[in-house]
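Asker: Pasting data.txt here (compact mmCIF, C-alpha atoms):
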```
# COMPACT_ATOMS: atom_id res chain seq x y z
CA MET A 22 -2.90 -31.35 -15.13
CA GLY A 23 -2.41 -28.02 -13.40
CA ALA A 24 0.37 -27.02 -11.04
CA ASP A 25 -2.08 -26.45 -8.15
CA ALA A 26 -0.12 -23.32 -7.28
CA ILE A 27 -0.68 -19.55 -7.53
CA GLY A 28 2.42 -17.41 -8.02
CA LEU A 29 3.31 -14.15 -6.28
CA VAL A 30 6.53 -12.29 -7.09
CA LEU A 31 7.56 -9.42 -4.82
CA ALA A 32 10.06 -6.97 -6.31
CA ARG A 33 11.38 -5.47 -3.09
CA PRO A 34 14.24 -5.96 -0.61
CA ALA A 35 13.76 -9.29 1.17
CA ARG A 36 14.56 -7.62 4.52
CA MET A 37 11.38 -5.54 4.20
CA LEU A 38 9.21 -8.66 4.53
CA GLY A 39 10.33 -8.99 8.14
CA ILE A 40 9.70 -5.32 8.93
CA GLU A 41 6.56 -4.31 7.05
CA PRO A 42 3.48 -6.37 8.07
CA PHE A 43 1.37 -5.63 4.96
CA PHE A 44 2.60 -8.39 2.66
CA MET A 45 2.78 -11.05 5.37
CA GLU A 46 -0.88 -10.37 6.21
CA LEU A 47 -1.81 -10.44 2.51
CA ILE A 48 0.06 -13.73 2.02
CA GLY A 49 -1.64 -15.19 5.10
CA GLY A 50 -5.09 -14.47 3.67
CA ILE A 51 -4.18 -15.90 0.27
CA GLU A 52 -2.65 -19.05 1.77
CA GLU A 53 -5.63 -19.64 4.06
CA THR A 54 -8.03 -19.75 1.12
CA LEU A 55 -5.80 -21.64 -1.30
CA SER A 56 -5.08 -24.40 1.23
CA SER A 57 -8.80 -25.08 1.56
CA ASP A 58 -8.80 -25.79 -2.19
CA ASP A 59 -5.67 -27.99 -1.99
CA ARG A 60 -3.57 -25.33 -3.71
CA SER A 61 -0.46 -23.50 -2.54
CA LEU A 62 1.16 -20.10 -2.97
CA LEU A 63 4.53 -19.97 -4.72
CA LEU A 64 6.34 -16.88 -3.39
CA HIS A 65 9.45 -15.44 -5.04
CA VAL A 66 11.27 -12.29 -3.88
CA VAL A 67 13.36 -10.44 -6.48
CA PRO A 68 15.16 -7.06 -6.59
CA ASP A 69 13.35 -5.40 -9.51
CA HIS A 70 10.79 -5.69 -12.31
CA PRO A 71 13.17 -7.18 -14.93
CA ALA A 72 13.90 -10.01 -12.50
CA GLU A 73 10.17 -10.34 -11.84
CA ILE A 74 9.43 -10.62 -15.57
CA ALA A 75 12.16 -13.24 -15.92
CA ALA A 76 10.48 -15.25 -13.15
CA TYR A 77 7.15 -15.10 -14.99
CA ARG A 78 8.79 -16.39 -18.16
CA ARG A 79 10.33 -19.32 -16.25
CA TRP A 80 7.02 -20.10 -14.61
CA GLY A 81 5.14 -19.89 -17.90
CA GLN A 82 7.58 -22.06 -19.81
CA GLY A 83 7.67 -24.66 -17.05
CA HIS A 84 3.92 -24.51 -16.32
CA LEU A 85 4.86 -24.02 -12.67
CA VAL A 86 1.81 -21.95 -11.67
CA ASP A 87 -1.84 -21.89 -12.70
CA ALA A 88 -2.24 -18.14 -12.10
CA VAL A 89 -0.33 -15.11 -10.84
CA VAL A 90 -1.15 -12.39 -8.32
CA LEU A 91 0.27 -9.06 -9.51
CA VAL A 92 0.94 -6.31 -6.94
CA ASN A 93 2.32 -2.77 -6.93
CA LEU A 94 1.13 -1.78 -10.39
CA VAL A 95 3.08 1.03 -12.07
CA VAL A 96 1.91 3.39 -14.80
CA ASP A 97 2.11 1.65 -18.23
CA ASP A 98 3.12 -1.51 -16.39
CA PRO A 99 5.18 -3.81 -18.69
CA ARG A 100 4.33 -6.89 -16.62
CA LEU A 101 0.72 -6.96 -17.84
CA ALA A 102 1.77 -7.41 -21.46
CA VAL A 103 4.23 -10.18 -20.56
CA LEU A 104 1.63 -12.09 -18.54
CA GLY A 105 -0.83 -11.68 -21.42
CA GLU A 106 1.78 -12.99 -23.88
CA LEU A 107 2.42 -16.00 -21.61
CA ALA A 108 -1.36 -16.53 -21.21
CA ILE A 109 -1.03 -16.83 -17.44
CA PRO A 110 -4.33 -15.98 -15.68
CA THR A 111 -3.70 -12.88 -13.57
CA VAL A 112 -5.27 -11.19 -10.55
CA VAL A 113 -4.21 -7.54 -10.10
CA VAL A 114 -4.27 -6.13 -6.57
CA GLY A 115 -4.88 -2.39 -6.34
CA GLY A 116 -4.17 -0.10 -9.23
CA PRO A 117 -5.63 3.23 -10.26
CA ASP A 118 -8.86 2.01 -11.88
CA ARG A 119 -11.15 -0.95 -12.40
CA SER A 120 -10.99 -1.11 -16.21
CA LEU A 121 -7.92 -3.29 -16.81
CA PRO A 122 -8.67 -5.73 -19.65
CA ARG A 123 -8.33 -9.53 -19.46
CA VAL A 124 -7.32 -9.71 -15.79
CA ALA A 125 -9.22 -10.21 -12.56
CA HIS A 126 -8.94 -7.20 -10.28
CA VAL A 127 -9.29 -6.54 -6.56
CA TRP A 128 -9.56 -2.76 -6.53
CA ILE A 129 -8.87 -0.36 -3.65
CA ASP A 130 -10.24 3.18 -3.66
CA ASN A 131 -7.03 4.85 -2.50
CA GLY A 132 -8.28 8.25 -3.63
CA GLN A 133 -11.34 8.26 -1.39
CA ALA A 134 -9.37 6.92 1.55
CA MET A 135 -6.86 9.74 1.18
CA ARG A 136 -9.62 12.32 0.92
CA ASP A 137 -11.05 10.95 4.17
CA ALA A 138 -7.62 11.24 5.83
CA VAL A 139 -7.13 14.85 4.70
CA GLY A 140 -10.66 15.79 5.71
CA TYR A 141 -10.10 14.39 9.20
CA LEU A 142 -6.92 16.42 9.68
CA VAL A 143 -8.39 19.64 8.26
CA ASP A 144 -11.40 19.26 10.56
CA LEU A 145 -8.89 19.16 13.44
CA GLY A 146 -7.65 22.59 12.32
CA HIS A 147 -4.48 21.58 10.46
CA GLU A 148 -3.77 24.07 7.70
CA THR A 149 -0.44 22.69 6.42
CA ILE A 150 -0.22 18.92 5.99
CA GLY A 151 2.80 16.93 4.91
CA ARG A 152 2.69 13.59 3.14
CA VAL A 153 5.49 11.00 3.14
CA SER A 154 4.61 8.90 0.11
CA GLY A 155 5.73 5.56 -1.21
CA PRO A 156 7.63 5.37 -4.52
CA ALA A 157 6.10 7.84 -6.99
CA ALA A 158 6.20 5.30 -9.86
CA LEU A 159 3.56 3.13 -8.19
CA ALA A 160 0.05 3.70 -9.50
CA HIS A 161 -1.55 3.63 -6.05
CA THR A 162 1.00 6.21 -4.82
CA ARG A 163 -0.02 8.53 -7.64
CA SER A 164 -3.70 8.01 -6.83
CA ARG A 165 -3.11 8.90 -3.20
CA THR A 166 -0.88 11.89 -4.01
CA ASP A 167 -3.36 13.31 -6.55
CA ALA A 168 -6.19 12.93 -4.04
CA PHE A 169 -4.06 14.40 -1.24
CA LEU A 170 -3.15 17.55 -3.17
CA SER A 171 -6.62 18.08 -4.64
CA GLU A 172 -8.37 17.57 -1.29
CA CYS A 173 -5.94 19.90 0.49
CA ALA A 174 -6.65 22.56 -2.15
CA ALA A 175 -10.41 22.02 -1.94
CA ARG A 176 -10.30 22.33 1.86
CA GLY A 177 -8.11 25.43 1.86
CA ALA A 178 -5.09 23.64 3.30
CA ARG A 179 -1.52 23.52 2.00
CA GLY A 180 -0.22 20.07 1.08
CA VAL A 181 3.48 19.18 0.81
CA VAL A 182 4.69 15.79 -0.51
CA VAL A 183 8.09 14.13 0.04
CA GLU A 184 8.75 10.73 -1.53
CA GLY A 185 9.91 7.73 0.50
CA ASP A 186 10.40 4.04 -0.25
CA TYR A 187 8.49 2.43 2.68
CA GLY A 188 11.71 1.87 4.65
CA GLU A 189 12.71 3.31 8.01
CA ALA A 190 15.61 5.36 6.62
CA SER A 191 13.46 7.07 3.99
CA GLY A 192 10.77 7.79 6.58
CA THR A 193 13.40 9.42 8.76
CA ARG A 194 14.83 11.51 5.90
CA ALA A 195 11.43 12.64 4.66
CA SER A 196 10.20 13.53 8.16
CA ARG A 197 13.33 15.61 8.81
CA THR A 198 12.81 17.38 5.51
CA LEU A 199 9.20 18.25 6.34
CA LEU A 200 9.61 19.08 10.03
CA GLY A 201 12.82 21.03 9.43
CA ARG A 202 11.10 23.59 7.17
CA ASN A 203 10.75 27.21 8.26
CA ASP A 204 6.98 26.72 8.20
CA PRO A 205 6.63 23.00 9.04
CA PRO A 206 3.39 21.07 8.65
CA SER A 207 1.36 20.57 11.81
CA ALA A 208 0.31 17.10 10.58
CA LEU A 209 2.00 14.33 8.59
CA VAL A 210 0.43 11.46 6.67
CA PHE A 211 2.65 8.43 5.96
CA ASP A 212 2.15 5.78 3.29
CA ASN A 213 2.98 2.93 5.65
CA ASP A 214 3.46 2.11 9.30
CA VAL A 215 7.26 1.74 9.20
CA MET A 216 7.79 5.29 7.90
CA ALA A 217 5.26 6.62 10.40
CA VAL A 218 7.14 5.09 13.33
CA ALA A 219 10.34 6.61 11.91
CA GLY A 220 8.54 9.98 11.79
CA LEU A 221 7.61 9.61 15.44
CA GLY A 222 11.30 9.13 16.22
CA VAL A 223 12.21 12.27 14.28
CA ALA A 224 9.61 14.32 16.13
CA ASN A 225 11.10 13.17 19.45
CA GLU A 226 14.61 13.91 18.19
CA LEU A 227 13.58 17.48 17.29
CA GLY A 228 11.93 18.03 20.67
CA LEU A 229 8.42 18.09 19.22
CA THR A 230 5.53 16.59 21.13
CA VAL A 231 3.06 14.26 19.40
CA PRO A 232 0.29 15.28 19.02
CA GLY A 233 0.83 18.65 20.74
CA ASP A 234 3.23 20.03 18.13
CA VAL A 235 2.59 17.66 15.23
CA SER A 236 -0.05 15.05 14.47
CA LEU A 237 0.96 11.79 12.76
CA LEU A 238 -1.29 9.51 10.70
CA ALA A 239 -0.10 6.15 9.32
CA TRP A 240 -1.42 4.00 6.48
CA ASP A 241 -2.33 0.33 6.98
CA ASP A 242 -2.86 -0.22 10.70
CA SER A 243 -0.57 -2.77 12.36
CA PRO A 244 0.89 -3.79 15.73
CA LEU A 245 3.66 -1.23 15.08
CA CYS A 246 1.01 1.50 15.15
CA ARG A 247 -0.78 0.16 18.20
CA LEU A 248 2.40 -0.37 20.25
CA SER A 249 4.00 3.01 19.52
CA HIS A 250 4.01 5.75 22.14
CA PRO A 251 1.71 7.45 21.63
CA PRO A 252 -0.18 4.85 19.58
CA LEU A 253 -0.44 5.98 15.97
CA SER A 254 -3.70 6.95 14.33
CA ALA A 255 -4.02 4.98 11.09
CA MET A 256 -6.02 4.28 7.98
CA SER A 257 -6.97 0.69 8.71
CA LEU A 258 -7.49 -1.94 6.02
CA ASP A 259 -8.17 -5.60 6.82
CA VAL A 260 -5.25 -6.86 4.72
CA HIS A 261 -5.78 -10.51 5.68
CA ALA A 262 -9.40 -10.33 4.48
CA MET A 263 -8.18 -8.71 1.26
CA GLY A 264 -5.82 -11.65 0.80
CA VAL A 265 -8.82 -13.98 1.09
CA GLN A 266 -10.59 -11.83 -1.53
CA VAL A 267 -7.56 -12.05 -3.86
CA ALA A 268 -7.39 -15.84 -3.55
CA ASP A 269 -11.14 -16.12 -4.22
CA ALA A 270 -10.67 -14.03 -7.37
CA ALA A 271 -7.88 -16.35 -8.54
CA LEU A 272 -9.88 -19.50 -7.87
CA ASN A 273 -12.97 -18.08 -9.59
CA LEU A 274 -10.84 -17.06 -12.59
CA LEU A 275 -9.40 -20.58 -12.89
CA ALA A 276 -12.82 -22.20 -12.50
CA SER A 277 -14.72 -20.02 -14.97
CA GLY A 278 -12.07 -18.48 -17.21
CA ARG A 279 -13.86 -15.15 -16.80
CA PRO A 280 -12.03 -12.29 -15.01
CA THR A 281 -14.03 -10.40 -12.42
CA THR A 282 -13.55 -7.11 -10.59
CA SER A 283 -14.29 -6.70 -6.91
CA THR A 284 -13.69 -3.82 -4.52
CA ALA A 285 -11.88 -4.19 -1.21
CA PRO A 286 -13.57 -2.51 1.77
CA LEU A 287 -12.62 1.16 2.05
CA PRO A 288 -9.83 1.78 4.59
CA ARG A 289 -11.31 3.31 7.75
CA LEU A 290 -9.70 5.88 9.96
CA VAL A 291 -8.79 4.71 13.47
CA ALA A 292 -8.02 7.73 15.66
CA ARG A 293 -5.52 7.20 18.45
CA GLY A 294 -3.15 9.31 20.52
CA SER A 295 -0.94 10.64 17.69
CA THR A 296 -3.55 13.03 16.25
CA ALA A 297 -5.29 15.94 17.94
CA ARG A 298 -6.85 19.29 17.29
CA ARG A 299 -4.25 21.87 16.32
CA PRO A 300 -3.64 24.36 19.15
CA ARG A 301 -4.62 27.90 18.32
```
Translate the structure described by the file into C-alpha cells.
Answerer:
Amino acid sequence: MGADAIGLVLARPARMLGIEPFFMELIGGIEETLSSDDRSLLLHVVPDHPAEIAAYRRWGQGHLVDAVVLVNLVVDDPRLAVLGELAIPTVVVGGPDRSLPRVAHVWIDNGQAMRDAVGYLVDLGHETIGRVSGPAALAHTRSRTDAFLSECAARGARGVVVEGDYGEASGTRASRTLLGRNDPPSALVFDNDVMAVAGLGVANELGLTVPGDVSLLAWDDSPLCRLSHPPLSAMSLDVHAMGVQVADAALNLLASGRPTTSTAPLPRLVARGSTARRPR
C-alpha cells in the first residue's frame, strides 16, 4: 500500500516562504490536483542540500512518500543520484534541459524568456542593462545569465550581472552596486519580485526616478509587483498552473511508471509603469 503522499523538500530559509510568493503558488497548484486524487503533499523545509538528502533517505527508508518533486536543480546535482539509489519516483521542476534520464520533468525555457526580456529593454533604447540574479549555482540561474549576456551582446548592449539570493537584503546590496557605478545601467532585470521591490527602494534612496532614470523589470509577477509604486513590469508565469502541471506529472508517473517531459508555458512580459523608453 502506498503512502498517498508526494514529497517536496525546500532547502531555503523558512522565513522566505512568507515573503516570496513563488513557492506558495506552486504548492497551491500541486495540492489542488493531489487532493482530487485523495493524495497529499508532504512539505519539509531544511537549510541546505545535505539536510535535504537526509530527508530523502528517511522518507525512502520509511516509505513515507510515493514520489518526490525536486526543485532548484544545480549543476551536477547530487540529489538525482540519491533519489535514483532510493528508487523514489521523481518529478524535476525546471532545469537547464529536457534530457534528464529516469525522471519526469516539467521544463521551463528560461533562456528564451530572458532573451525576450532583454529584447524588450533594448527596443526601449537601453544600452547598458544590469541583472540581479539568483544564486549562481542554480541551473536555471545559469541558463538565464548565459542568455542575458549573449542576447545583450547580440543586440549591441552591455550586460552587467550581480548575484543575489532572492532576499530583500541581497536585492538592496546588488542594486546599490549596479546603480552606484560611474556608468550605471539604465535598466535592471531582477530574478524575483522581492529583489525587484528592494531595487525600487534603492532607486528612491538615490534620488532616481523610475522609470525616468532607471527602468526595473521583475521575474515572476506577483501582488508585490502590482502593488508597488510605480507597479513593476514583470515576466509573468502562471505558477499555480505550473503546480497543477507538476502534480499531473507525478500522478501520471505513479500510474504508468513511465517518466514524461512537458513544457510549462513561456513566461510573458507584462509591461507596467516601471519600464519606459530611455530618454535621449
Asker: Determine the nearest neighbour of Ser171 of chain A from the options A:Gly201, A:Asp186, A:Gln133, A:Pro206, counting all atoms listed in the file.
Answerer: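 Distance minimum relative to Ser171 of chain A lands on A:Gln133.
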Asker: Which one is closest to Ala76 of chain A: A:Leu31, A:Gly116, A:Asp98, A:Ala190? Count all atoms listed in the file.
Answerer: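 For Ala76 of chain A, the nearest of the given residues is A:Leu31.
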Asker: Go through A:Asp69, A:Glu106, A:Asp204, A:Asp241 and flag the residue nearest Ala217 of chain A, using all atoms listed in the file for the distances.
Answerer: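 Nearest candidate to Ala217 of chain A out of A:Asp69, A:Glu106, A:Asp204, A:Asp241: A:Asp241.
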Asker: Just how far from atom CA of His261 of chain A is atom CA of Leu221 of chain A, in Å to one decimal?
Answerer: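 One can read the atom CA of Leu221 of chain A to atom CA of His261 of chain A distance as 26.1 Å.
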Asker: Looking at all atoms listed in the file, which of A:Leu104, A:Thr149, A:Ser196, A:Val181 is the one that sits closest to Trp80 of chain A?
Answerer: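 Nearest candidate to Trp80 of chain A out of A:Leu104, A:Thr149, A:Ser196, A:Val181: A:Leu104.
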Asker: If we count all atoms listed in the file and set the cut-off at 10 Å, which residues sit around Asp269 of chain A, ignoring sequence neighbours fewer than 3 positions away in its own chain? Please answer as a ChimeraX atom specification.
Answerer: /A:51,54-55,112,263-266,272-275
Asker: Please report the interatomic distance between atom CA of Pro110 of chain A and atom CA of Ile48 of chain A in Å with one decimal.
Answerer: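 Between these atoms lies a distance of 18.4 Å.
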Asker: Any chance you could tabulate, as JSON lines, the residues of segment 96-163 of chain A at most 7 Å from segment 81-88 of chain A with each one's nearest atom pair and distance in Å to one decimal, using all atoms listed in the file, in chain and rising number order?
Answerer:
```
{"residue": "A:Leu107", "atom": "CA", "partner": "A:Gly81", "partner_atom": "CA", "distance": 6.0}
{"residue": "A:Ile109", "atom": "CA", "partner": "A:Ala88", "partner_atom": "CA", "distance": 5.6}
{"residue": "A:Pro110", "atom": "CA", "partner": "A:Ala88", "partner_atom": "CA", "distance": 4.7}
{"residue": "A:Thr111", "atom": "CA", "partner": "A:Ala88", "partner_atom": "CA", "distance": 5.7}
```
Asker: Hey, which of A:Met256, A:Ala271, A:Leu159, A:Leu290 ends up closest to Glu184 of chain A? Count only C-alpha atoms.
Answerer: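 The closest residue to Glu184 of chain A is A:Leu159.
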Asker: Nearest to Val210 of chain A among A:Asp137, A:Asp130, A:Glu226, A:Asp58, with distances taken over all atoms listed in the file: which residue is it?
Answerer: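 Closest residue, counting all atoms listed in the file: A:Asp137.
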Asker: Can you list, as a list in words, every protein, DNA or RNA residue that comes within 9 Å of Arg176 of chain A when you count all atoms listed in the file, leaving out same-chain residues fewer than 4 positions away?
Answerer: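 Contacts, with the query itself left out: Val139, Gly140, Val143, Glu148, Ser171 and Glu172 of chain A.
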Asker: If you measure from atom CA of Ala160 of chain A to atom CA of Val92 of chain A, what distance in Å do you get, rounded to one decimal?
Answerer: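 Between atom CA of Ala160 of chain A and atom CA of Val92 of chain A the gap works out to 10.4 Å.
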Asker: Could you please give me, as a VMD selection string, the residues of protein, DNA or RNA lying at most 7 Å from (16.0, -8.5, -6.7) in the coordinate frame of the file, considering all atoms listed in the file?
Answerer: chain A and resid 32 to 34 66 to 69 72
Asker: Compile the contact shell of Arg152 of chain A as a VMD selection string: residues with an atom at most 8 Å away, counting all atoms listed in the file, same-chain residues fewer than 6 positions apart removed.
Answerer: chain A and resid 180 to 183 209 to 212
Asker: Mind working out the centre and edge lengths of an axis-aligned box for segment 84-103 of chain A, all listed atoms inside, 4 Å added to each side, rounded to one decimal in Å and written as JSON?
Answerer:
```
{"center_x": 1.5, "center_y": -10.6, "center_z": -14.2, "size_x": 15.4, "size_y": 35.9, "size_z": 22.5}
```
